[in-house]
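One file, model_27.csv, carrying CSV, C-alpha atoms:
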```csv
chain,number,residue,atom,x,y,z
A,1,MET,CA,39.7,62.4,-30.1
A,2,PHE,CA,42.4,62.3,-32.7
A,3,PHE,CA,43.8,59.1,-31.3
A,4,GLN,CA,40.4,57.5,-31.0
A,5,CYS,CA,39.5,58.3,-34.6
A,6,MET,CA,42.8,57.1,-36.0
A,7,MET,CA,42.5,53.9,-34.0
A,8,ALA,CA,39.0,53.3,-35.2
A,9,VAL,CA,40.0,53.9,-38.8
A,10,SER,CA,43.0,51.6,-38.5
A,11,LEU,CA,41.1,48.8,-36.8
A,12,PHE,CA,38.3,48.8,-39.4
A,13,TYR,CA,40.9,48.8,-42.2
A,14,CYS,CA,42.9,46.0,-40.6
A,15,ALA,CA,39.7,43.9,-40.3
A,16,HIS,CA,39.1,44.1,-44.0
A,17,TRP,CA,42.8,43.7,-44.6
A,18,GLN,CA,42.7,40.3,-42.8
A,19,THR,CA,39.6,39.4,-44.9
A,20,TYR,CA,41.4,40.4,-48.1
A,21,VAL,CA,44.5,38.2,-47.2
A,22,SER,CA,42.8,35.2,-45.7
A,23,GLY,CA,39.6,35.2,-47.7
A,24,THR,CA,37.5,34.8,-44.6
A,25,LEU,CA,35.8,37.5,-42.5
A,26,ARG,CA,36.3,36.7,-38.8
A,27,PHE,CA,34.4,38.3,-35.9
A,28,GLY,CA,35.8,38.4,-32.4
A,29,TYR,CA,34.1,39.0,-29.1
A,30,VAL,CA,35.3,42.5,-29.1
A,31,ASP,CA,35.8,43.7,-32.7
A,32,VAL,CA,35.6,46.7,-34.9
A,33,THR,CA,31.9,47.4,-34.4
A,34,GLU,CA,32.3,47.2,-30.6
A,35,ALA,CA,35.3,49.6,-30.8
A,36,GLN,CA,33.3,52.1,-32.8
A,37,PHE,CA,30.4,51.9,-30.3
A,38,GLY,CA,33.1,52.4,-27.6
A,39,VAL,CA,34.3,55.6,-29.2
A,40,ILE,CA,30.7,56.8,-29.4
A,41,ILE,CA,30.2,56.0,-25.7
A,42,ILE,CA,33.4,57.8,-24.7
A,43,HIS,CA,32.3,61.0,-26.5
A,44,LEU,CA,28.9,60.8,-24.9
A,45,ILE,CA,30.4,60.4,-21.4
A,46,THR,CA,32.7,63.3,-22.1
A,47,VAL,CA,29.8,65.5,-23.1
A,48,ILE,CA,27.7,64.6,-20.1
A,49,PHE,CA,30.3,64.5,-17.3
A,50,GLY,CA,33.1,66.7,-18.7
A,51,PRO,CA,36.7,65.9,-19.6
A,52,GLY,CA,37.7,65.6,-15.9
A,53,VAL,CA,35.9,62.2,-15.7
A,54,TRP,CA,38.9,60.6,-17.5
A,55,SER,CA,41.3,61.6,-14.7
A,56,VAL,CA,40.1,58.5,-12.8
A,57,LYS,CA,42.4,55.6,-13.1
A,58,THR,CA,41.0,52.6,-14.9
A,59,CYS,CA,42.1,49.1,-15.7
A,60,LEU,CA,42.2,47.8,-19.3
A,61,GLN,CA,42.1,44.1,-20.1
A,62,LEU,CA,43.7,43.3,-23.5
A,63,THR,CA,42.6,40.2,-25.3
A,64,PRO,CA,45.4,38.2,-27.0
A,65,PRO,CA,45.6,38.4,-30.7
A,66,GLN,CA,44.1,35.6,-32.8
A,67,LYS,CA,46.2,33.6,-35.1
A,68,THR,CA,45.1,33.7,-38.7
A,69,HIS,CA,46.4,31.5,-41.5
A,70,CYS,CA,47.1,33.9,-44.3
A,71,THR,CA,47.6,32.8,-47.9
A,72,GLY,CA,48.5,34.9,-50.9
A,73,THR,CA,51.4,36.8,-52.5
A,74,SER,CA,50.6,40.3,-51.4
A,75,VAL,CA,50.1,39.9,-47.6
A,76,LEU,CA,51.7,43.3,-46.7
A,77,SER,CA,50.7,45.3,-49.7
A,78,PRO,CA,47.5,46.8,-48.2
A,79,VAL,CA,49.6,48.5,-45.4
A,80,VAL,CA,50.8,51.1,-47.9
A,81,PRO,CA,47.5,52.9,-48.4
A,82,LEU,CA,46.9,52.8,-44.7
A,83,ALA,CA,50.3,54.3,-44.0
A,84,PHE,CA,49.5,57.1,-46.6
A,85,ILE,CA,46.5,58.1,-44.4
A,86,VAL,CA,47.7,57.7,-40.8
A,87,ALA,CA,51.3,59.1,-41.3
A,88,PRO,CA,50.2,62.4,-43.1
A,89,ALA,CA,47.4,62.9,-40.6
A,90,ILE,CA,49.9,62.8,-37.7
A,91,LEU,CA,52.6,64.8,-39.3
A,92,ILE,CA,50.3,67.5,-40.6
A,93,ALA,CA,48.7,68.0,-37.2
A,94,TRP,CA,52.1,67.9,-35.5
A,95,LYS,CA,54.0,70.2,-37.8
A,96,SER,CA,51.2,72.7,-38.6
A,97,PRO,CA,52.4,76.3,-37.7
A,98,ASP,CA,48.8,77.5,-37.4
A,99,GLY,CA,47.6,74.6,-35.2
A,100,LEU,CA,45.4,73.2,-38.1
A,101,TYR,CA,44.0,70.3,-36.1
A,102,LEU,CA,43.5,72.2,-32.9
A,103,GLN,CA,41.7,75.0,-34.6
A,104,ASN,CA,39.6,72.8,-37.0
A,105,PRO,CA,39.3,69.3,-35.4
A,106,THR,CA,35.9,68.4,-36.9
A,107,ILE,CA,36.9,69.3,-40.5
A,108,TYR,CA,40.3,67.8,-40.1
A,109,LEU,CA,38.9,64.4,-38.9
A,110,LEU,CA,36.1,64.5,-41.5
A,111,THR,CA,38.7,65.0,-44.2
A,112,PHE,CA,40.9,62.1,-43.2
A,113,GLY,CA,37.9,60.0,-42.3
A,114,CYS,CA,36.5,60.3,-45.9
A,115,VAL,CA,40.0,59.4,-47.3
A,116,SER,CA,40.1,56.3,-45.1
A,117,ALA,CA,36.5,55.4,-46.1
A,118,ARG,CA,37.5,55.6,-49.7
A,119,ILE,CA,40.6,53.4,-49.2
A,120,THR,CA,38.6,50.9,-47.1
A,121,ASN,CA,35.9,50.6,-49.8
A,122,ARG,CA,38.5,49.9,-52.4
A,123,LEU,CA,39.9,47.1,-50.1
A,124,VAL,CA,36.5,45.6,-49.8
A,125,VAL,CA,35.9,45.7,-53.5
A,126,ALA,CA,39.3,44.2,-54.1
A,127,HIS,CA,38.4,41.3,-51.8
A,128,MET,CA,35.0,40.7,-53.3
A,129,THR,CA,36.4,40.8,-56.9
A,130,LYS,CA,39.6,38.8,-56.1
A,131,SER,CA,41.7,41.6,-57.6
A,132,GLU,CA,44.9,43.3,-56.5
A,133,MET,CA,44.9,46.4,-54.2
A,134,ALA,CA,46.6,49.3,-55.9
A,135,TYR,CA,48.9,51.6,-53.8
A,136,SER,CA,47.8,54.9,-55.4
A,137,ASP,CA,44.4,56.5,-55.1
A,138,ALA,CA,42.9,59.8,-56.2
A,139,SER,CA,41.7,60.6,-52.6
A,140,LEU,CA,45.3,60.6,-51.4
A,141,LEU,CA,45.9,63.8,-53.4
A,142,GLY,CA,44.2,65.7,-50.6
A,143,PRO,CA,46.6,64.7,-47.7
A,144,GLY,CA,49.4,65.1,-50.2
A,145,ALA,CA,48.4,68.7,-50.9
A,146,LEU,CA,48.3,69.5,-47.2
A,147,PHE,CA,51.7,67.9,-46.7
A,148,LEU,CA,53.4,69.7,-49.6
A,149,ASN,CA,51.9,73.0,-48.6
A,150,GLN,CA,53.6,72.6,-45.2
A,151,TYR,CA,56.8,71.5,-46.9
A,152,PHE,CA,57.0,74.7,-48.9
A,153,ASN,CA,56.3,76.9,-45.8
A,154,CYS,CA,52.5,77.2,-46.4
A,155,PRO,CA,52.2,79.4,-49.5
A,156,ILE,CA,48.5,78.7,-49.3
A,157,PRO,CA,46.6,79.3,-46.0
A,158,GLU,CA,46.2,76.0,-44.3
A,159,LYS,CA,42.7,76.5,-43.2
A,160,PHE,CA,41.5,77.4,-46.7
A,161,LEU,CA,43.4,74.5,-48.2
A,162,LEU,CA,41.9,72.1,-45.6
A,163,TYR,CA,38.3,73.2,-46.5
A,164,VAL,CA,39.1,72.7,-50.2
A,165,VAL,CA,40.6,69.3,-49.6
A,166,CYS,CA,37.6,68.3,-47.4
A,167,VAL,CA,35.2,69.2,-50.2
A,168,TYR,CA,37.3,67.3,-52.7
A,169,VAL,CA,37.6,64.1,-50.7
A,170,ILE,CA,33.8,64.1,-49.9
A,171,TYR,CA,33.1,64.5,-53.7
A,172,ASP,CA,35.6,61.7,-54.5
A,173,LEU,CA,34.0,59.3,-52.0
A,174,ILE,CA,30.5,59.9,-53.3
A,175,LYS,CA,31.7,59.6,-56.9
A,176,TYR,CA,33.4,56.3,-56.2
A,177,CYS,CA,30.4,54.8,-54.3
A,178,ARG,CA,28.1,55.9,-57.2
A,179,GLU,CA,30.4,54.2,-59.8
A,180,VAL,CA,30.6,51.0,-57.8
A,181,CYS,CA,26.8,50.9,-57.3
A,182,LEU,CA,26.2,51.5,-61.0
A,183,GLU,CA,28.6,48.8,-62.0
A,184,ILE,CA,27.0,46.2,-59.7
A,185,CYS,CA,23.5,47.1,-60.9
A,186,SER,CA,24.6,47.0,-64.5
A,187,HIS,CA,26.2,43.5,-64.0
A,188,LEU,CA,23.2,42.1,-62.1
A,189,ASN,CA,20.6,43.9,-64.2
A,190,ILE,CA,19.2,45.7,-61.1
A,191,MET,CA,17.1,48.9,-61.5
A,192,LEU,CA,18.7,51.5,-59.1
A,193,PHE,CA,16.5,54.5,-58.3
A,194,THR,CA,14.7,54.1,-61.6
A,195,ILE,CA,10.9,54.3,-62.0
A,196,VAL,CA,9.5,52.9,-65.3
A,197,PRO,CA,5.9,54.0,-66.0
A,198,LYS,CA,3.6,51.0,-66.8
A,199,TYR,CA,0.7,51.6,-69.2
A,200,VAL,CA,-2.4,49.4,-69.2
A,201,SER,CA,-4.1,49.1,-72.5
A,202,GLY,CA,-7.5,48.8,-71.0
A,203,ALA,CA,-7.2,51.8,-68.7
A,204,LYS,CA,-5.7,53.8,-71.5
A,205,SER,CA,-8.6,53.0,-73.9
A,206,LEU,CA,-11.1,53.7,-71.1
A,207,SER,CA,-9.6,57.1,-70.4
A,208,SER,CA,-9.6,58.0,-74.1
A,209,ALA,CA,-13.2,56.9,-74.4
A,210,GLU,CA,-14.2,59.0,-71.5
A,211,LYS,CA,-12.4,62.0,-72.9
A,212,ASN,CA,-14.1,61.5,-76.3
A,213,GLY,CA,-17.5,61.1,-74.6
A,214,SER,CA,-17.1,64.2,-72.6
A,215,SER,CA,-16.1,66.2,-75.6
A,216,SER,CA,-19.1,64.9,-77.7
A,217,LYS,CA,-21.5,65.7,-74.8
A,218,TYR,CA,-20.3,69.3,-74.7
A,219,LEU,CA,-20.6,69.6,-78.5
A,220,THR,CA,-24.2,68.3,-78.2
A,221,ARG,CA,-25.1,70.9,-75.7
A,222,SER,CA,-23.6,73.6,-77.7
A,223,LYS,CA,-25.6,72.5,-80.8
A,224,SER,CA,-28.8,72.4,-78.9
A,225,LYS,CA,-28.3,75.9,-77.6
A,226,VAL,CA,-27.6,77.1,-81.1
A,227,LYS,CA,-30.9,75.5,-82.4
A,228,THR,CA,-33.0,77.1,-79.6
A,229,ASN,CA,-31.6,80.4,-80.4
```
Please re-express this file's structure in C-alpha cells.
Amino acid sequence: MFFQCMMAVSLFYCAHWQTYVSGTLRFGYVDVTEAQFGVIIIHLITVIFGPGVWSVKTCLQLTPPQKTHCTGTSVLSPVVPLAFIVAPAILIAWKSPDGLYLQNPTIYLLTFGCVSARITNRLVVAHMTKSEMAYSDASLLGPGALFLNQYFNCPIPEKFLLYVVCVYVIYDLIKYCREVCLEICSHLNIMLFTIVPKYVSGAKSLSSAEKNGSSSKYLTRSKSKVKTN
C-alpha cells in the first residue's frame, strides 16, 4: 500500500512536471488517471478476495517512455520538492523505532498525501502563471518535524507528533486552496459563495402598502369598537 501510494503521488507529480517544463499537457494511453484507478481496483480486489490473491504470478507489460522535447532553464528544479516528500516518507517509515507506519498506515499516508497535494498544486499554479517553482514550502515542515524527532531519538512520542503534523498539513492544504481560489476570483471578478440580495422597488412598495393598509384596518376596527362602547 505504501509503494502504491508513493508511486501514484510520484506519477501525478511527474505528469505536471512534464507540463511545467514543456508547456504542453500530454495524455498517454495508460497515464496518471488510469494508474489511480488501478490502485483503487487493487485495493478492492484485496478487500474482496484477501491478500493471498496476489501470490499468483502475473505478467506485466511495460510501455516504452515517450520522448518529450523540453525547453526552459529549470528542467530539473521541480524534482527537489518531490524528493523532499518521497525520501522522508521512506526514511521515517523505515527508521521508526515504534513502527510508525505499520501502526498508523492511514494517518501516515494521509499526511504525506496532503503534503504531495500541496506541492503538486503549487506546480500547477507555477505552470499556469508561468512562474518559477520554489524549493521550500510550508507543508514540508511536517515531514521535517517527524524526521528531526527521529534524529534526536524521539523526545516527542511519534504517534502524537504524527497526528499533530496530519492536522497541520490538512489545514495548510485547505488554506492554500482557499487563497488560490480567492485570488483567481478577485482577478476575474467572480462571486465565490456570495449571495447578494436583490430588492425590487415595486415589490418593496407593495409590501409596505400592504403593511400600512393592514395597520389602518386594525385601527379602524378598534375605533369602531370604542364608539359602540
Which residues of stretch 112-175 of chain A come within 9 Å of stretch 90-95 of chain A, and for each one, what is the closest pair of atoms and their distance in Å to one decimal, counting all atoms listed in the file, sorted by chain and residue number, as a Markdown table?
```
| residue | atom | partner | partner_atom | distance |
| --- | --- | --- | --- | --- |
| A:Pro143 | CA | A:Ile92 | CA | 8.5 |
| A:Leu146 | CA | A:Ile92 | CA | 7.2 |
| A:Phe147 | CA | A:Ile92 | CA | 6.3 |
| A:Gln150 | CA | A:Ile92 | CA | 7.6 |
```
Can you work out the spacing between atom CA of A:Arg122 and atom CA of A:Cys166 in Å, to one decimal?
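These atoms are spaced 19.1 Å apart.
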At a cut-off of 10 Å, using only C-alpha atoms, what residues contact stretch 38-49 of chain A? Leave out same-chain residues fewer than 2 positions from it and give the result as a PyMOL selection string.
chain A and resi 1+4-5+7-8+32-36+51-54
Those residues you just picked out, can you put them in a file as an mmCIF file, keeping the file's coordinate frame with C-alpha atoms?
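Result file is out12.cif:
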```cif
data_model
loop_
_atom_site.group_PDB
_atom_site.id
_atom_site.type_symbol
_atom_site.label_atom_id
_atom_site.label_comp_id
_atom_site.auth_asym_id
_atom_site.auth_seq_id
_atom_site.Cartn_x
_atom_site.Cartn_y
_atom_site.Cartn_z
ATOM 1 C CA MET A 1 39.700 62.400 -30.100
ATOM 2 C CA GLN A 4 40.400 57.500 -31.000
ATOM 3 C CA CYS A 5 39.500 58.300 -34.600
ATOM 4 C CA MET A 7 42.500 53.900 -34.000
ATOM 5 C CA ALA A 8 39.000 53.300 -35.200
ATOM 6 C CA VAL A 32 35.600 46.700 -34.900
ATOM 7 C CA THR A 33 31.900 47.400 -34.400
ATOM 8 C CA GLU A 34 32.300 47.200 -30.600
ATOM 9 C CA ALA A 35 35.300 49.600 -30.800
ATOM 10 C CA GLN A 36 33.300 52.100 -32.800
ATOM 11 C CA PRO A 51 36.700 65.900 -19.600
ATOM 12 C CA GLY A 52 37.700 65.600 -15.900
ATOM 13 C CA VAL A 53 35.900 62.200 -15.700
ATOM 14 C CA TRP A 54 38.900 60.600 -17.500
#
```
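With all atoms listed in the file as the basis for measurement, A:Cys154 is the residue among A:Cys154, A:Val165, A:Met128, A:Leu182 that approaches A:Pro97 most closely.
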For A:Val169, the nearest of the candidates A:Ala138, A:Val80, A:Val86, A:Cys185, counting all atoms listed in the file
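When distances to A:Val169 are compared using all atoms listed in the file, the smallest one comes from A:Ala138.
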(37.3, 70.8, -43.5) in this file's frame - what residues fall within 8 Å of it? Use only C-alpha atoms and give the answer as number ranges by chain.
A: 104, 106-108, 110-111, 159, 162-167
Let me make sure I understand: among A:Ala87, A:Leu100, A:Leu123, A:Leu109, which one has the smallest atom-to-atom distance to A:Tyr20 if we use all atoms listed in the file?
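Of all the options, A:Leu123 lies closest to A:Tyr20.
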Just give me the gap between atom CA of A:Gln103 and atom CA of A:Ile174 in Å, one decimal is fine.
26.5 Å
Between atom CA of A:Leu82 and atom CA of A:Asn121, measure the distance and give it in Å to one decimal.
12.3 Å
Taking into account all atoms listed in the file, which residue in the set A:Lys130, A:Phe37, A:Cys114, A:Tyr135 is nearest to A:Phe84?
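Ranked by minimum distance to A:Phe84, first place goes to A:Tyr135.
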Selection: 9 Å around A:Trp17, all atoms listed in the file, excl. self and same-chain fewer than 2 positions, as a JSON list (two decimals) with C-alpha atoms, in the frame of the given file:
```json
[["chain", "number", "residue", "atom", "x", "y", "z"],
["A", 12, "PHE", "CA", 38.30, 48.80, -39.40],
["A", 13, "TYR", "CA", 40.90, 48.80, -42.20],
["A", 14, "CYS", "CA", 42.90, 46.00, -40.60],
["A", 15, "ALA", "CA", 39.70, 43.90, -40.30],
["A", 19, "THR", "CA", 39.60, 39.40, -44.90],
["A", 20, "TYR", "CA", 41.40, 40.40, -48.10],
["A", 21, "VAL", "CA", 44.50, 38.20, -47.20],
["A", 22, "SER", "CA", 42.80, 35.20, -45.70],
["A", 75, "VAL", "CA", 50.10, 39.90, -47.60],
["A", 78, "PRO", "CA", 47.50, 46.80, -48.20],
["A", 79, "VAL", "CA", 49.60, 48.50, -45.40],
["A", 120, "THR", "CA", 38.60, 50.90, -47.10],
["A", 123, "LEU", "CA", 39.90, 47.10, -50.10],
["A", 124, "VAL", "CA", 36.50, 45.60, -49.80],
["A", 127, "HIS", "CA", 38.40, 41.30, -51.80]]
```
Point out the residue among A:Thr129, A:Ser139, A:Ser96, A:Ser55 with the least atom-to-atom distance to A:Gly113, counting only C-alpha atoms.
A:Ser139
